[in-house]
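To start, the structure itself, in structure tokens.
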Amino acid sequence: MKKILIVDDMLVPLMMTENMLMGQYQTFCAQSAKEAMEIYRKEKPDMILSDFRMPGMTGYDLQIALQNEFHKKIPFMFMTADKSDEVESKGFDNGAMDFIRKPFKPEVLLRRVANILHTVDEIQDLKKTSSTDKLTGLFNKGSSEEELKKICKKSVGALMMIDLDSFKLVNDIHGHAMGDKILISFADVLRAAMRSTDLIGRMGGDEFVAFCHGVLEESAVASKTQFINEKITEAAKKLMGEDMNIPLGASIGCVLVPQAGTDFVELYKKADKALYIVKQNGKHGYNIFSEDAPEEKVETVVTLAQIEMILGERNKEKGAYVLPFENFRVIYRFLKRTRAGYGKTICIVLFALKRTGDADEKISRKQASEQLIECMHNTLRRGDVVSQNGSNQILALLTNTDGHHEVTRTISRVVENWGKLPVSKSFYFTHEWEVLDT
């Protein structure tokens with residue numbers, strides 16, 4: 001039931017007004033502004049219905065005093081027997097929501113009070129909508145930053161940056177609808193890991209933030225990290241099946257407040273540094289920012305099965321394995337090192353793109369190289385590896401060949417498939433290859 005505070009220095013009008021409202025609202029009565037302020041502090045009513053002219057502190061003064069004390073707009077409706085337009089104008093100028101002249105009929109008062117309360121509810125709903133992430137129901141980026149600026153200045157606890165690891169794979173493999181379900185589940189997991197007094201927000205995409213009041217011990221951060229990692233895996237398997245092999249989990253960068261400062265912007269940067277270290281050390285763990293040991297290894301909370309999921313390939317599609325050049329180099333060095341016991345011939349092939357004499361200038365070298373990589377991915381086997389070197393060269397490792405004839409046939413298939421593409425009229429490629437020696 002909504003609460004209404006009625007303020008009038010005259011007892012009879014006060015009791016009459018309360019009698020009109022008490023059947024539908026919980027009412028509190030005050031015969032002075034000072035008494036009204038004491039009741040407001042204790043009961044926090046939904047609106048105040050106050051006489052305008054009172055001895056000492058007027059209804060106008062009461063409104064100003066309460067709004068200054070509580071730093072918010074408080075719903076006020078003034079009552080007065082004064083016929084002056086100036087009185088009404090003064091009340092509205094200060095933010096009054098309505099004005100009613102004495103004497104008034106019960107049905108008129110009830111209707112106008114109901115209108116005010118309905119308007120207040122609508123405003124609160126709009127504020128909630130503007131501050132809430134629509135998908136997860138958590139604070140959105142703007143409201144999170146606004147609230148955390150206040151919290152970090154005066155509170156003790158842990159500010160955490162939380163990333164949902166490997167989330168992109170959910171969208172890539174299962175689609176964005178499933179991705180939304182995972183984000184909603186992750187938000188629920190975060191709520192379960194935190195207390196009702198803690199703040200949780202979504203900063204965008206798969207990035208979240210939380211402030212845990214009173215948390216200063218590493219053991220508490222470790223416990224929350226383990227809980228979040230375990231529960232998101234359970235939730236993901238319920239949504240995508242027990243054979244789900246996407247290594248979902250949480251990486252958490254943490255900074256302690258006020259030990260590391262009280263300015264949110266600076267604290268957020270420190271939490272980001274801590275998170276970066278987690279990302280560089282296997283994910284699914286936490287790191288607490290320290291000025292003395294910024295490169296300290298993170299504490300991980302994953303099982304061997306989870307590590308295998310992180311290391312493993314989730315992309316089961318046919319075709320060659322396309323990798324960045326640095327990763328390609330690691331595999332090349334490994335194969336060189338183990339070549340003697342491999343049992344099959346391993347070959348490295350270099351494809352070099354060149355423009356034809358009548359090339360379409362609208363097709364860039366970048367576009368051509370992307371299409372050549374796609375052509376090689378579709379033509380070669382899953383055991384082969386492809387990478388780009390510079391703007392016009394593509395490298396391939398053929399890891400399971402029987403020698404010269406098979407390599408020649410493989411390259412011929414690439415040439416044949418490239419010739420079927422429109423881009424081949426503007427670009428052709430040369431190639432050379434050799435067997436990988438130890």
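Residue names in the structure tokens use chain letters A, B, ... in the order shown, residue numbers from 1 in each chain, and ligand numbers from 1 in the order shown.
Summary of the local environment: counting only C-alpha atoms, residues at most 9 Å from Asp272 of chain A, other than itself and those fewer than 6 positions away along its chain, are Met160, Met161, Gly253, Cys254 and Phe289 of chain A.
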Selected residues written out, C-alpha atoms, as a PDB file, in the first residue's frame:
ATOM      1  CA  MET A 160      36.006  -6.784 -10.594  1.00  0.00           C
ATOM      2  CA  MET A 161      36.178  -6.770 -14.376  1.00  0.00           C
ATOM      3  CA  GLY A 253      40.654  -8.843 -13.043  1.00  0.00           C
ATOM      4  CA  CYS A 254      40.265  -7.498  -9.514  1.00  0.00           C
ATOM      5  CA  PHE A 289      46.093  -5.959  -9.099  1.00  0.00           C
TER       6      PHE A 289
END
Go through segment 172-421 of chain A and collect every residue that DSSP, computed from the backbone, puts in helix (DSSP H, G or I); the answer should be as a ChimeraX atom specification. /A:172-174,176-193,218-240,264-280,304-311,325-341,365-379,404-419
Which residues are close to segment 145-156 of chain A, i.e. within 7 Å by only C-alpha atoms, leaving aside same-chain residues fewer than 6 positions away? Reply as a list in words.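 Returned residues: His213, Gly214, Val257, Pro258, Thr262, Asp263 and Phe264 of chain A.
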Using only all heavy atoms, please write the residues we just selected to a file, as a short mmCIF file (atom, residue, chain, number, x, y, z; two decimals), in the first residue's frame.
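Output file part33.cif is given in full below:
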data_model
loop_
_atom_site.label_atom_id
_atom_site.label_comp_id
_atom_site.auth_asym_id
_atom_site.auth_seq_id
_atom_site.Cartn_x
_atom_site.Cartn_y
_atom_site.Cartn_z
N HIS A 213 30.99 -5.46 -1.93
CA HIS A 213 31.23 -4.71 -0.70
C HIS A 213 31.87 -5.60 0.37
O HIS A 213 31.44 -6.74 0.60
CB HIS A 213 29.92 -4.15 -0.16
CG HIS A 213 29.35 -3.05 -1.01
ND1 HIS A 213 29.78 -1.74 -0.92
CD2 HIS A 213 28.40 -3.07 -1.98
CE1 HIS A 213 29.11 -1.00 -1.79
NE2 HIS A 213 28.27 -1.78 -2.45
N GLY A 214 32.91 -5.07 1.01
CA GLY A 214 33.54 -5.76 2.12
C GLY A 214 34.48 -6.88 1.75
O GLY A 214 35.08 -7.49 2.63
N VAL A 257 39.59 -1.86 -3.08
CA VAL A 257 39.26 -0.47 -2.77
C VAL A 257 39.10 -0.34 -1.25
O VAL A 257 38.43 -1.16 -0.63
CB VAL A 257 37.95 -0.07 -3.48
CG1 VAL A 257 37.58 1.38 -3.20
CG2 VAL A 257 38.05 -0.33 -4.99
N PRO A 258 39.72 0.66 -0.60
CA PRO A 258 40.44 1.80 -1.17
C PRO A 258 41.96 1.62 -1.27
O PRO A 258 42.66 2.58 -1.54
CB PRO A 258 40.11 2.91 -0.18
CG PRO A 258 40.04 2.19 1.14
CD PRO A 258 39.46 0.84 0.84
N THR A 262 40.57 5.43 -4.91
CA THR A 262 39.13 5.64 -4.79
C THR A 262 38.52 6.23 -6.05
O THR A 262 37.30 6.42 -6.12
CB THR A 262 38.81 6.57 -3.61
OG1 THR A 262 39.50 7.82 -3.80
CG2 THR A 262 39.24 5.95 -2.28
N ASP A 263 39.35 6.53 -7.04
CA ASP A 263 38.84 7.07 -8.31
C ASP A 263 38.48 5.92 -9.24
O ASP A 263 39.34 5.10 -9.59
CB ASP A 263 39.90 7.97 -8.97
CG ASP A 263 39.41 8.55 -10.29
OD1 ASP A 263 38.60 9.48 -10.26
OD2 ASP A 263 39.84 8.03 -11.34
N PHE A 264 37.23 5.87 -9.65
CA PHE A 264 36.75 4.74 -10.44
C PHE A 264 37.53 4.57 -11.74
O PHE A 264 37.88 3.45 -12.12
CB PHE A 264 35.25 4.89 -10.75
CG PHE A 264 34.76 3.93 -11.80
CD1 PHE A 264 34.71 2.57 -11.55
CD2 PHE A 264 34.40 4.39 -13.07
CE1 PHE A 264 34.29 1.68 -12.53
CE2 PHE A 264 33.98 3.51 -14.04
CZ PHE A 264 33.92 2.15 -13.77
#
Return the single residue from A:Leu199, A:Ile277, A:Val170, A:Leu21 that is closest to Lys237 of chain A, with distances computed using only C-alpha atoms.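 Counting only C-alpha atoms, the residue closest to Lys237 of chain A is A:Val170.
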Counting only C-alpha atoms, figure out which residue out of A:Leu109, A:Val215, A:Ile74, A:Val221 gets nearest to Thr17 of chain A.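 Among A:Leu109, A:Val215, A:Ile74, A:Val221, it is A:Leu109 that comes nearest to Thr17 of chain A.
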Tell me which protein, DNA and RNA residues are within 10 Å of Leu372 of chain A, counting only C-alpha atoms, leaving out same-chain ones fewer than 5 positions away, and put them as a list in words.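 Listed by chain and then number, they are Phe351, Leu353, Lys366, Gln367, His377, Asn378, Gln388, Asn392, Gln393, Ile394, Val414, Val415, Asn417, Trp418, Leu421, Val423, Ser424, Phe427, Tyr428 and Phe429 of chain A.
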Could you list, as a short mmCIF file (atom, residue, chain, number, x, y, z; two decimals) with all heavy atoms, in the first residue's frame, every residue within 7 Å of segment 175-184 of chain A, counting only C-alpha atoms and ignoring same-chain residues fewer than 6 positions away?
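Result file follows (selection_0.cif):
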data_model
loop_
_atom_site.label_atom_id
_atom_site.label_comp_id
_atom_site.auth_asym_id
_atom_site.auth_seq_id
_atom_site.Cartn_x
_atom_site.Cartn_y
_atom_site.Cartn_z
N LEU A 135 18.85 -6.98 -22.16
CA LEU A 135 18.96 -8.43 -22.28
C LEU A 135 19.11 -9.12 -20.94
O LEU A 135 18.40 -10.09 -20.64
CB LEU A 135 20.16 -8.79 -23.17
CG LEU A 135 20.38 -10.29 -23.41
CD1 LEU A 135 19.22 -10.90 -24.19
CD2 LEU A 135 21.69 -10.52 -24.15
N THR A 136 20.00 -8.62 -20.09
CA THR A 136 20.34 -9.33 -18.85
C THR A 136 19.62 -8.80 -17.61
O THR A 136 19.56 -9.49 -16.60
CB THR A 136 21.85 -9.26 -18.59
OG1 THR A 136 22.21 -7.87 -18.39
CG2 THR A 136 22.63 -9.82 -19.76
N ALA A 236 25.61 -23.81 -19.57
CA ALA A 236 25.83 -23.95 -21.01
C ALA A 236 25.50 -25.36 -21.49
O ALA A 236 24.93 -25.54 -22.57
CB ALA A 236 27.28 -23.60 -21.35
#
Neighbours of Met57 of chain A within 12 Å (only C-alpha atoms; same-chain residues fewer than 4 positions away dropped), as a list in words?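 The contact residues come out as Val7, Asp8, Asp9, Gln31, Ser32, Ala33, Lys34, Glu35, Ala36, Met37, Ser50, Asp51, Phe52, Arg53, Asp61, Leu62, Gln63, Ile64 and Ala65 of chain A.
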How about saving the chosen residues, N, CA, C and O atoms kept, as a PDB file, in the first residue's frame?
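Result saved to again_30.pdb:
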ATOM      1  N   VAL A   7       0.365  16.950   5.865  1.00  0.00           N
ATOM      2  CA  VAL A   7       0.914  17.980   6.743  1.00  0.00           C
ATOM      3  C   VAL A   7      -0.037  19.183   6.761  1.00  0.00           C
ATOM      4  O   VAL A   7      -0.308  19.767   5.711  1.00  0.00           O
ATOM      5  N   ASP A   8      -0.537  19.526   7.972  1.00  0.00           N
ATOM      6  CA  ASP A   8      -1.421  20.688   8.110  1.00  0.00           C
ATOM      7  C   ASP A   8      -1.367  21.129   9.564  1.00  0.00           C
ATOM      8  O   ASP A   8      -1.514  20.298  10.482  1.00  0.00           O
ATOM      9  N   ASP A   9      -1.164  22.425   9.802  1.00  0.00           N
ATOM     10  CA  ASP A   9      -1.081  22.907  11.190  1.00  0.00           C
ATOM     11  C   ASP A   9      -2.453  22.974  11.847  1.00  0.00           C
ATOM     12  O   ASP A   9      -2.552  23.091  13.073  1.00  0.00           O
ATOM     13  N   GLN A  31       1.605  18.032  12.174  1.00  0.00           N
ATOM     14  CA  GLN A  31       1.021  19.368  12.319  1.00  0.00           C
ATOM     15  C   GLN A  31       2.053  20.475  12.167  1.00  0.00           C
ATOM     16  O   GLN A  31       1.720  21.646  12.375  1.00  0.00           O
ATOM     17  N   SER A  32       3.280  20.090  11.788  1.00  0.00           N
ATOM     18  CA  SER A  32       4.312  21.101  11.530  1.00  0.00           C
ATOM     19  C   SER A  32       5.320  20.530  10.536  1.00  0.00           C
ATOM     20  O   SER A  32       5.428  19.307  10.366  1.00  0.00           O
ATOM     21  N   ALA A  33       6.052  21.430   9.921  1.00  0.00           N
ATOM     22  CA  ALA A  33       7.081  20.998   8.965  1.00  0.00           C
ATOM     23  C   ALA A  33       8.171  20.192   9.674  1.00  0.00           C
ATOM     24  O   ALA A  33       8.682  19.199   9.136  1.00  0.00           O
ATOM     25  N   LYS A  34       8.516  20.608  10.886  1.00  0.00           N
ATOM     26  CA  LYS A  34       9.551  19.886  11.640  1.00  0.00           C
ATOM     27  C   LYS A  34       9.120  18.453  11.925  1.00  0.00           C
ATOM     28  O   LYS A  34       9.897  17.508  11.747  1.00  0.00           O
ATOM     29  N   GLU A  35       7.880  18.274  12.346  1.00  0.00           N
ATOM     30  CA  GLU A  35       7.358  16.935  12.608  1.00  0.00           C
ATOM     31  C   GLU A  35       7.293  16.122  11.311  1.00  0.00           C
ATOM     32  O   GLU A  35       7.592  14.918  11.298  1.00  0.00           O
ATOM     33  N   ALA A  36       6.928  16.780  10.217  1.00  0.00           N
ATOM     34  CA  ALA A  36       6.843  16.105   8.919  1.00  0.00           C
ATOM     35  C   ALA A  36       8.205  15.569   8.493  1.00  0.00           C
ATOM     36  O   ALA A  36       8.311  14.460   7.953  1.00  0.00           O
ATOM     37  N   MET A  37       9.266  16.340   8.733  1.00  0.00           N
ATOM     38  CA  MET A  37      10.614  15.905   8.353  1.00  0.00           C
ATOM     39  C   MET A  37      11.032  14.674   9.137  1.00  0.00           C
ATOM     40  O   MET A  37      11.658  13.746   8.608  1.00  0.00           O
ATOM     41  N   SER A  50       0.690  18.565   1.530  1.00  0.00           N
ATOM     42  CA  SER A  50       0.997  19.551   2.564  1.00  0.00           C
ATOM     43  C   SER A  50       0.232  20.848   2.371  1.00  0.00           C
ATOM     44  O   SER A  50       0.048  21.325   1.243  1.00  0.00           O
ATOM     45  N   ASP A  51      -0.207  21.416   3.520  1.00  0.00           N
ATOM     46  CA  ASP A  51      -0.746  22.766   3.499  1.00  0.00           C
ATOM     47  C   ASP A  51       0.373  23.718   3.101  1.00  0.00           C
ATOM     48  O   ASP A  51       1.536  23.494   3.434  1.00  0.00           O
ATOM     49  N   PHE A  52       0.031  24.759   2.342  1.00  0.00           N
ATOM     50  CA  PHE A  52       1.071  25.651   1.859  1.00  0.00           C
ATOM     51  C   PHE A  52       1.481  26.650   2.929  1.00  0.00           C
ATOM     52  O   PHE A  52       2.663  26.830   3.202  1.00  0.00           O
ATOM     53  N   ARG A  53       0.494  27.293   3.570  1.00  0.00           N
ATOM     54  CA  ARG A  53       0.806  28.314   4.573  1.00  0.00           C
ATOM     55  C   ARG A  53       0.736  27.690   5.957  1.00  0.00           C
ATOM     56  O   ARG A  53      -0.321  27.248   6.408  1.00  0.00           O
ATOM     57  N   ASP A  61       8.890  25.769   2.165  1.00  0.00           N
ATOM     58  CA  ASP A  61      10.170  25.578   2.864  1.00  0.00           C
ATOM     59  C   ASP A  61      10.418  24.100   3.161  1.00  0.00           C
ATOM     60  O   ASP A  61      11.553  23.622   3.082  1.00  0.00           O
ATOM     61  N   LEU A  62       9.350  23.398   3.511  1.00  0.00           N
ATOM     62  CA  LEU A  62       9.453  21.958   3.796  1.00  0.00           C
ATOM     63  C   LEU A  62       9.931  21.201   2.549  1.00  0.00           C
ATOM     64  O   LEU A  62      10.806  20.328   2.630  1.00  0.00           O
ATOM     65  N   GLN A  63       9.361  21.531   1.417  1.00  0.00           N
ATOM     66  CA  GLN A  63       9.743  20.871   0.176  1.00  0.00           C
ATOM     67  C   GLN A  63      11.223  21.107  -0.139  1.00  0.00           C
ATOM     68  O   GLN A  63      11.959  20.165  -0.476  1.00  0.00           O
ATOM     69  N   ILE A  64      11.670  22.354  -0.011  1.00  0.00           N
ATOM     70  CA  ILE A  64      13.075  22.688  -0.276  1.00  0.00           C
ATOM     71  C   ILE A  64      13.995  21.939   0.688  1.00  0.00           C
ATOM     72  O   ILE A  64      15.019  21.359   0.286  1.00  0.00           O
ATOM     73  N   ALA A  65      13.655  21.914   1.953  1.00  0.00           N
ATOM     74  CA  ALA A  65      14.499  21.288   2.967  1.00  0.00           C
ATOM     75  C   ALA A  65      14.643  19.786   2.736  1.00  0.00           C
ATOM     76  O   ALA A  65      15.743  19.222   2.833  1.00  0.00           O
TER      77      ALA A  65
END
Could you please write out, as a list in words, every residue of segment 87-189 of chain A that DSSP assigns to strand (DSSP E or B)?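 So, restricting segment 87-189 of chain A to strand (DSSP E or B), we get Asp98, Phe99, Ile100, Arg101, Thr132, Phe139, Gly157, Ala158, Leu159, Met160, Met161, Ile162, Asp163, Leu164 and Asp165 of chain A.
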Tell me which protein, DNA and RNA residues are within 10 Å of Trp433 of chain A, counting only C-alpha atoms, leaving out same-chain ones fewer than 2 positions away, and put them as a list in words.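 So, after excluding close chain neighbours, the residues are Cys347, Ile348, Val349, Leu350, Phe351, Leu395, Ala396, Leu397, His404, Val407, Thr408, Ile411, His431, Val435 and Leu436 of chain A.
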Using atom CA of Asn229 of chain A and atom CA of Thr132 of chain A as the two end points, give the distance in Å to one decimal.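 It comes out at 24.5 Å.
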As an exercise, work out the distance from atom CA of Gly282 of chain A to atom CA of Ala260 of chain A in Å and give it to one decimal place. 25.3 Å
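Shortest separation to Leu275 of chain A among A:Met240, A:Asp163, A:Arg329, A:Met376 occurs at residue A:Asp163, atoms counted being only C-alpha atoms.
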Tell me, in Å to one decimal, how far atom CA of Asp82 of chain A is from atom CA of Phe104 of chain A.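 Value for the atom CA of Asp82 of chain A-atom CA of Phe104 of chain A distance: 13.0 Å.
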